[in-house]
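**Student:** One structure is given below, represented as structure tokens, and several questions about it will come after.
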Amino acid sequence: MSEVKKSASGSGRGGGWTRFVTARPRLTLLVALVLTALAVLAGGGVADRMGSGGWEDPAAESTYATKALERRFPGSQPNVLLLVDASGAEAAGGAKASGEAGGAKASRAAKATGAAAPVDNPAVVAEARRLAERLDAEPGVEGVGSYWSTGSPALRSEDGRQAVIAARIPGEEKDAAAVLDRIAPTYRGTHGPVEVSLGGGLAVRHEMQTVIQEDLLRAELIALPVTLVLLVMVFGSAVAALLPLGVGIVAILGTNAVLRGITELTDVSVFAQNLTTALGLGLAIDYALFVVRRYREELAAGADTHTAVRTTLRTAGRTVLFSALTVAVSLAAMLVFPQYFLRSFAYAGIAVVLLAATAALTLLPAALVLLGDRVNALDLRRLLRRGRATGEAGDGAGWGRAAALVMRRAPVFAVVTTAGLVLLGLPFLGVKFGTADDRQLPVTASSRVVQDELRDGFPGNPGGGITVLAEGAATPAQYADYRERISALDGVARAEGPVTAGGAAYFSVVPDGETVGADAQRVVGELRTAGAPFATSVTGPAAVLVDSKDAIAERLPWAAGIIVLVTLLLVFLLTGSVVVPVQAVLLNALSLTAMFGAVVWVFQEGHLAGFLGFTSTGDIETTLPVLMFCVAFGLSMDYGVFLLSRIKEEYDATGDHERSVRFGLRHTGGLITAAAVILAVVMVAIGTSRVTNTKMLGLGVALAVLMDAMVVRSLLVPSVMKLTGRLTWWAPGPLRRFHDRFGISESDSYNPSADPDVEEASGKWRETTSLRG
């Protein structure tokens with residue numbers, strides 16, 4: 001029993017850290033307060049330095065062509081569109097001939113009489129040219145062109161009521177957005193006979209960034225009070241409920257400061273802030289729940305404050321550390337992808353996970369030392385417990401009985417649960433990948449309104465087609481021959497060009513149907529394989545999508561391999577088994593099927609679109625499934641580690657496999673469910689966003705978390721562990737010796753098989769757990 005005494009004294013592995021964080025609790029909290037205040041200052045305005053793009057591969061052909069076109073032909077890549085509406089300036093001849101008022105009727109009357117369309121009205125032409133000249137003179141704006149200067153039918157609506165002035169604002173996204181903010185008030189609104197609205201890719205991304213910031217603030221205002229209420233329901237004590245919330249706030253503020261620093265070095269997506277809030281609150285609450293719950297158990301078992309804190313850090317603290325590592329690894333896997341959209345979530349996720357764990361293992365113990373048994377103060381559930389019997393049938397007993405029932409019918413629960421999860425995931429077999437566009441925004445967003453007009457009323461979406469850059473010497477005849485060949489490709493509505501300058505040229509190709517649909521993607525492939533007497537590179541939304549899909553497909557095995565291998569290693573170090581890690585990976589992956597099935601059924605196919613308030617485009621943005629997998633898998637492992645650590649703790653103490661599974665579920669089932677519900681509330685708050693991708697991320701991960709906690713951990717894990725029996729803990733001799741030397745478990749006490757006093761020790765442990773129950 002010497003090892004038991006050693007652990008109880010706080011010596012051994014982790015003892016130094018325990019003494020460090022508990023020796024000067026007031027100083028620890030003061031330093032934390034100062035660092036948090038500095039983080040608030042450092043992280044202020046971080047959203048303004050973030051971008052709203054990042055879906056393209058920087059090394060792709062489309063990215064090269066986009067940059068080359070921006071240098072050589074600014075007008076070929078417009079990112080700002082002025083939609084000029086001349087409905088108010090009806091053609092006088094058409095109106096007189098028909099006696100009809102209104103834009104569409106006037107246009108039909110104009111066609112019948114041969115009168116000019118509204119956009120060709122002399123007053124409209126003069127005003128439109130004046131606006132174009134003024135825009136061309138603006139600092140930071142280049143490549144200005146319009147229907148009135150080019151006569152291009154792609155820049156004029158089919159009913160003749162609207163036409164477009166196109167321009168490009170070059171430079172980094174943040175700089176371009178600043179220019180747009182400066183000029184937008186000048187051009188938006190009424191100008192003589194016309195009404196002007198702003199659209200284009202830059203305007204869409206800028207408005208999306210603004211909407212995301214507003215939605216994030218609203219999500220925080222929703223999540224924080226609801227979370228506090230749920231924590232009070234879980235803990236009873238208002239004092240205990242405030243501790244996890246404080247840890248979460250510290251993690252969020254610290255992560256904002258980290259992201260602010262990263263924006264000085266590389267691009268960071270504004271979408272990552274949503275993950276910061278969700279994981280900052282969710283994981284901090286998970287870790288704090290686990291730590292505070294274990295601390296209160298130790299107090300209930302008769303330990304004094306310092307002993308309870310030391311035991312909590314030595315046991316639950318290690319589990320929190322392992323959990324944080326598994327989540328961080330899952331999120332770090334996104335660093336293998338070239339798109340900064342995905343990499344941004346890795347930056348934010350790793351930072352917030354490590355900060356949440358650090359706060360839970362430093363600030364929380366310091367606060368517990370100062371609070372002592374006052375952590376149970378302001379118990380709001382006391383009245384509800386009056387007159388109710390307590391004891392063995394109390395907290396957790398229901399989870400123990402549920403685990404026993406599941407294990408008695410293990411084959412049935414294992415087969416039925418697995419079949420149900422697979423069935424829920426079947427819609428994902430029909431997934432179609434696309435790219436994010438203006439339809440991510442609500443229908444009332446100003447840039448979305450403009451893009452809808454362009455999509456529905458113009459023969460070719462300006463700025464949305466395919467562009468082919470031609471480099472190298474060529475004759476006019478060769479250019480003409482190439483244009484004829486690409487015009488004849490199946491799926492091409494028309495090809496225009498070439499526009500030449502400085503030994504290079506570009507062709508504009510308008511595909512049939514959707515700008516990024518399957519036909520447009522096929523045309524991109526045919527353009528890239530079509531022979532030409534000069535070097536060509538293809539860009540445009542469809543080309544960016546093709547390259548993005550290729551980049552993800554190429555690196556996805558690496559990301560999955562990193563997640564699986566590191567997860568296997570970490571779970572082995574926790575359990576000493578080679579079977580449990582394999583089970584954990586497979587069951588975690590299975591828990592995600594409902595999320596992926598729902599993503600396709602709801603967001604791709606459009607079910608519940610009206611209820612949830614989004615526009616279905618018939619596809620899923622390419623990077624979203626990767627992001628959702630990494631986040632949800634990490635959170636699933638988070639709960640898995642909590643459960644496995646308590647199962648292993650009891651198995652080490654008793655050697656009784658089935659008892660250990662019941663013990664683990666009894667002591668963590670309610671905790672995991674509460675943590676999952678709280679995290680789901682945070683994710684649903686994020687899911688109230690008006691931006692579709694953010695809505696999909698929030699609601700999808702919320703579903704995955706609930707399915708994992710309430711189905712996989714409650715039904716599938718105990719049934720599968722029953723079926724594998726004592727084989728669950730098997731490992732070959734060399735690996736077992738490796739684990740004995742380097743492994744870490746929640747129980748640091750002793751090896752029951754080698755302890756002559758095992759029966760006495762196990763009896764004392766059972767007595768203690770009875771008091772805790």
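Ordering of the structure tokens sets the chain letters (A, B, ...); residue numbers start at 1 within each chain; ligands are numbered from 1 in the order shown.
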Which residues come within 10 Å of Val327 in chain A, counting only C-alpha atoms, excluding same-chain residues fewer than 4 positions away, as a list in words?

**Tutor:** Leu283, Phe322, Ser323, Leu331, Ala332, Gly349, Ile350, Val353, Leu354, Ile563, Thr567, Cys630, Val631, Ala632, Phe633, Gly634, Leu635, Ser636, Met637 and Asp638 of chain A

**Student:** Set out as CSV a contact list for range 247-317 of chain A and range 187-205 of chain A with a cut-off of 12 Å, giving each residue of range 247-317 of chain A that qualifies its closest atom pair and distance in Å to one decimal, counting only C-alpha atoms, ordered by chain and rising residue number.

**Tutor:**
```
residue,atom,partner,partner_atom,distance
A:Ser269,CA,A:Arg205,CA,11.1
A:Val270,CA,A:Arg205,CA,10.4
A:Phe271,CA,A:Arg205,CA,11.5
```

**Student:** Take the residues from that selection and write them out as a compact mmCIF listing (two decimals), in the first residue's frame, keeping N, CA and C atoms.

**Tutor:**
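Final file, part27.txt:
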```txt
# COMPACT_ATOMS: atom_id res chain seq x y z
N SER A 269 -9.53 33.58 -41.17
CA SER A 269 -10.93 33.74 -41.56
C SER A 269 -11.76 34.22 -40.38
N VAL A 270 -12.67 35.13 -40.67
CA VAL A 270 -13.57 35.64 -39.64
C VAL A 270 -14.50 34.54 -39.12
N PHE A 271 -14.71 33.50 -39.91
CA PHE A 271 -15.54 32.38 -39.45
C PHE A 271 -14.94 31.70 -38.22
```

**Student:** Can you work out which one of A:Thr575, A:Thr673, A:Thr150, A:Thr28 has the shortest atom-to-atom distance to Glu649 in chain A, counting only C-alpha atoms?

**Tutor:**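 When distances to Glu649 in chain A are compared using only C-alpha atoms, the smallest one comes from A:Thr575.
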
**Student:** Have a look at CA of Leu706 in chain A and CA of Leu679 in chain A and let me know their distance in Å, one decimal.

**Tutor:** 8.9 Å

**Student:** Can you tell me, as a PDB file with all heavy atoms, in the first residue's frame, what residues are no more than 9 Å from Gly497 in chain A when counting only C-alpha atoms, ignoring any on the same chain fewer than 4 positions away?

**Tutor:**
```pdb
ATOM      1  N   TYR A 479      -5.473  33.118 -82.137  1.00  0.00           N
ATOM      2  CA  TYR A 479      -6.453  33.485 -81.114  1.00  0.00           C
ATOM      3  C   TYR A 479      -7.876  33.181 -81.591  1.00  0.00           C
ATOM      4  O   TYR A 479      -8.708  32.640 -80.857  1.00  0.00           O
ATOM      5  CB  TYR A 479      -6.335  34.972 -80.766  1.00  0.00           C
ATOM      6  CG  TYR A 479      -5.182  35.321 -79.858  1.00  0.00           C
ATOM      7  CD1 TYR A 479      -4.486  36.515 -80.057  1.00  0.00           C
ATOM      8  CD2 TYR A 479      -4.801  34.506 -78.810  1.00  0.00           C
ATOM      9  CE1 TYR A 479      -3.426  36.878 -79.226  1.00  0.00           C
ATOM     10  CE2 TYR A 479      -3.753  34.852 -77.982  1.00  0.00           C
ATOM     11  CZ  TYR A 479      -3.063  36.030 -78.185  1.00  0.00           C
ATOM     12  OH  TYR A 479      -2.027  36.385 -77.370  1.00  0.00           O
ATOM     13  N   ALA A 480      -8.169  33.553 -82.826  1.00  0.00           N
ATOM     14  CA  ALA A 480      -9.514  33.350 -83.373  1.00  0.00           C
ATOM     15  C   ALA A 480      -9.847  31.861 -83.462  1.00  0.00           C
ATOM     16  O   ALA A 480     -10.969  31.442 -83.153  1.00  0.00           O
ATOM     17  CB  ALA A 480      -9.631  34.006 -84.741  1.00  0.00           C
ATOM     18  N   ARG A 483     -10.611  30.577 -79.985  1.00  0.00           N
ATOM     19  CA  ARG A 483     -11.930  30.986 -79.534  1.00  0.00           C
ATOM     20  C   ARG A 483     -13.014  30.131 -80.177  1.00  0.00           C
ATOM     21  O   ARG A 483     -13.984  29.742 -79.518  1.00  0.00           O
ATOM     22  CB  ARG A 483     -12.179  32.462 -79.859  1.00  0.00           C
ATOM     23  CG  ARG A 483     -13.510  32.974 -79.309  1.00  0.00           C
ATOM     24  CD  ARG A 483     -13.804  34.381 -79.772  1.00  0.00           C
ATOM     25  NE  ARG A 483     -13.942  34.422 -81.214  1.00  0.00           N
ATOM     26  CZ  ARG A 483     -13.380  35.337 -82.013  1.00  0.00           C
ATOM     27  NH1 ARG A 483     -12.649  36.299 -81.491  1.00  0.00           N
ATOM     28  NH2 ARG A 483     -13.549  35.299 -83.313  1.00  0.00           N
ATOM     29  N   ALA A 505      -3.216  37.515 -73.411  1.00  0.00           N
ATOM     30  CA  ALA A 505      -4.620  37.735 -73.746  1.00  0.00           C
ATOM     31  C   ALA A 505      -5.485  36.926 -72.784  1.00  0.00           C
ATOM     32  O   ALA A 505      -4.994  36.038 -72.076  1.00  0.00           O
ATOM     33  CB  ALA A 505      -4.899  37.314 -75.186  1.00  0.00           C
ATOM     34  N   TYR A 506      -6.772  37.271 -72.766  1.00  0.00           N
ATOM     35  CA  TYR A 506      -7.692  36.440 -71.990  1.00  0.00           C
ATOM     36  C   TYR A 506      -9.003  36.305 -72.755  1.00  0.00           C
ATOM     37  O   TYR A 506      -9.387  37.162 -73.553  1.00  0.00           O
ATOM     38  CB  TYR A 506      -7.921  36.998 -70.583  1.00  0.00           C
ATOM     39  CG  TYR A 506      -8.828  38.203 -70.501  1.00  0.00           C
ATOM     40  CD1 TYR A 506     -10.211  38.076 -70.384  1.00  0.00           C
ATOM     41  CD2 TYR A 506      -8.290  39.488 -70.528  1.00  0.00           C
ATOM     42  CE1 TYR A 506     -11.038  39.188 -70.299  1.00  0.00           C
ATOM     43  CE2 TYR A 506      -9.104  40.604 -70.445  1.00  0.00           C
ATOM     44  CZ  TYR A 506     -10.483  40.449 -70.326  1.00  0.00           C
ATOM     45  OH  TYR A 506     -11.297  41.549 -70.250  1.00  0.00           O
ATOM     46  N   PHE A 507      -9.662  35.171 -72.501  1.00  0.00           N
ATOM     47  CA  PHE A 507     -10.959  34.861 -73.102  1.00  0.00           C
ATOM     48  C   PHE A 507     -11.973  34.690 -71.969  1.00  0.00           C
ATOM     49  O   PHE A 507     -11.674  34.084 -70.935  1.00  0.00           O
ATOM     50  CB  PHE A 507     -10.897  33.569 -73.914  1.00  0.00           C
ATOM     51  CG  PHE A 507      -9.945  33.609 -75.064  1.00  0.00           C
ATOM     52  CD1 PHE A 507      -8.589  33.360 -74.879  1.00  0.00           C
ATOM     53  CD2 PHE A 507     -10.393  33.899 -76.354  1.00  0.00           C
ATOM     54  CE1 PHE A 507      -7.703  33.393 -75.939  1.00  0.00           C
ATOM     55  CE2 PHE A 507      -9.513  33.928 -77.422  1.00  0.00           C
ATOM     56  CZ  PHE A 507      -8.165  33.681 -77.228  1.00  0.00           C
ATOM     57  N   SER A 508     -13.168  35.207 -72.165  1.00  0.00           N
ATOM     58  CA  SER A 508     -14.257  35.035 -71.214  1.00  0.00           C
ATOM     59  C   SER A 508     -15.190  33.957 -71.724  1.00  0.00           C
ATOM     60  O   SER A 508     -15.703  34.057 -72.847  1.00  0.00           O
ATOM     61  CB  SER A 508     -15.030  36.348 -71.029  1.00  0.00           C
ATOM     62  OG  SER A 508     -14.174  37.354 -70.518  1.00  0.00           O
ATOM     63  N   VAL A 509     -15.407  32.925 -70.923  1.00  0.00           N
ATOM     64  CA  VAL A 509     -16.235  31.784 -71.303  1.00  0.00           C
ATOM     65  C   VAL A 509     -17.447  31.742 -70.381  1.00  0.00           C
ATOM     66  O   VAL A 509     -17.308  31.692 -69.157  1.00  0.00           O
ATOM     67  CB  VAL A 509     -15.441  30.470 -71.203  1.00  0.00           C
ATOM     68  CG1 VAL A 509     -16.324  29.289 -71.615  1.00  0.00           C
ATOM     69  CG2 VAL A 509     -14.186  30.541 -72.066  1.00  0.00           C
TER      70      VAL A 509
END
```

**Student:** One decimal, Å: what's the distance from CA of Thr418 in chain A over to CA of Val720 in chain A, could you say?

**Tutor:**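 CA of Thr418 in chain A sits 10.4 Å away from CA of Val720 in chain A.
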
**Student:** If I take CA of Ala609 in chain A and CA of Thr692 in chain A, how far is one from the other in Å, to one decimal?

**Tutor:** 10.1 Å

**Student:** Name all residues at most 7 Å from Thr255 in chain A (count only C-alpha atoms; drop same-chain ones fewer than 6 positions away) and give them as a ChimeraX atom specification.

**Tutor:** /A:276,348,351-352

**Student:** Could you pull out all residues of range 350-581 of chain A with a DSSP call of alpha helix (DSSP H) and give them as a PyMOL selection string?

**Tutor:** chain A and resi 350-371+382-385+397-408+410-425+446-457+476-487+518-529+541-575+579-581

**Student:** Skip Met707 in chain A itself and residues of its chain fewer than 6 positions away, then list as a PyMOL selection string all residues within 9 Å of it, counting only C-alpha atoms.

**Tutor:** chain A and resi 591-592+594-595+713

**Student:** Using only C-alpha atoms, which protein or nucleic acid residues come within 8 Å of Phe663 in chain A? Drop anything in the same chain fewer than 6 positions from it, and give the result as number ranges by chain.

**Tutor:** A: 400, 646-647, 650

**Student:** Since we have the selection now, will you write its residues out, keeping N, CA, C and O atoms, as a PDB file, in the first residue's frame?

**Tutor:**
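And here is the file that came out, selection_34.pdb:
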```pdb
ATOM      1  N   GLY A 400     -26.088   3.904 -13.748  1.00  0.00           N
ATOM      2  CA  GLY A 400     -25.570   2.569 -13.484  1.00  0.00           C
ATOM      3  C   GLY A 400     -26.557   1.489 -13.877  1.00  0.00           C
ATOM      4  O   GLY A 400     -26.193   0.465 -14.463  1.00  0.00           O
ATOM      5  N   ARG A 646     -12.658   6.965 -16.200  1.00  0.00           N
ATOM      6  CA  ARG A 646     -13.298   6.455 -14.989  1.00  0.00           C
ATOM      7  C   ARG A 646     -13.477   4.940 -15.049  1.00  0.00           C
ATOM      8  O   ARG A 646     -13.384   4.254 -14.029  1.00  0.00           O
ATOM      9  N   ILE A 647     -13.741   4.412 -16.244  1.00  0.00           N
ATOM     10  CA  ILE A 647     -13.820   2.957 -16.385  1.00  0.00           C
ATOM     11  C   ILE A 647     -12.476   2.325 -16.056  1.00  0.00           C
ATOM     12  O   ILE A 647     -12.389   1.340 -15.308  1.00  0.00           O
ATOM     13  N   GLU A 650     -11.616   2.320 -12.259  1.00  0.00           N
ATOM     14  CA  GLU A 650     -12.268   1.264 -11.489  1.00  0.00           C
ATOM     15  C   GLU A 650     -11.710  -0.106 -11.856  1.00  0.00           C
ATOM     16  O   GLU A 650     -11.559  -0.986 -10.989  1.00  0.00           O
TER      17      GLU A 650
END
```

**Student:** Quick one: of A:Gly664, A:Pro170, A:Gly44, A:Pro533, who's nearest to Ala473 in chain A, counting only C-alpha atoms?

**Tutor:**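 For Ala473 in chain A, the nearest of the candidates is A:Pro533.
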
**Student:** Could you list, as a ChimeraX atom specification, every residue within 10 Å of Gly606 in chain A, counting only C-alpha atoms and ignoring same-chain residues fewer than 6 positions away?

**Tutor:** /A:599-600,612,614-619

**Student:** Export C-alpha atoms of the chosen residues as a CSV table (one decimal), in the first residue's frame?

**Tutor:**
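And here's result.csv as it stands now:
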```csv
chain,number,residue,atom,x,y,z
A,599,VAL,CA,-26.2,18.2,-43.5
A,600,VAL,CA,-27.1,16.8,-46.8
A,612,LEU,CA,-34.4,27.6,-40.5
A,614,PHE,CA,-31.6,29.8,-45.5
A,615,THR,CA,-31.4,29.3,-49.3
A,616,SER,CA,-30.4,25.8,-50.4
A,617,THR,CA,-28.0,25.9,-53.4
A,618,GLY,CA,-28.2,22.2,-54.0
A,619,ASP,CA,-24.7,21.5,-52.8
```
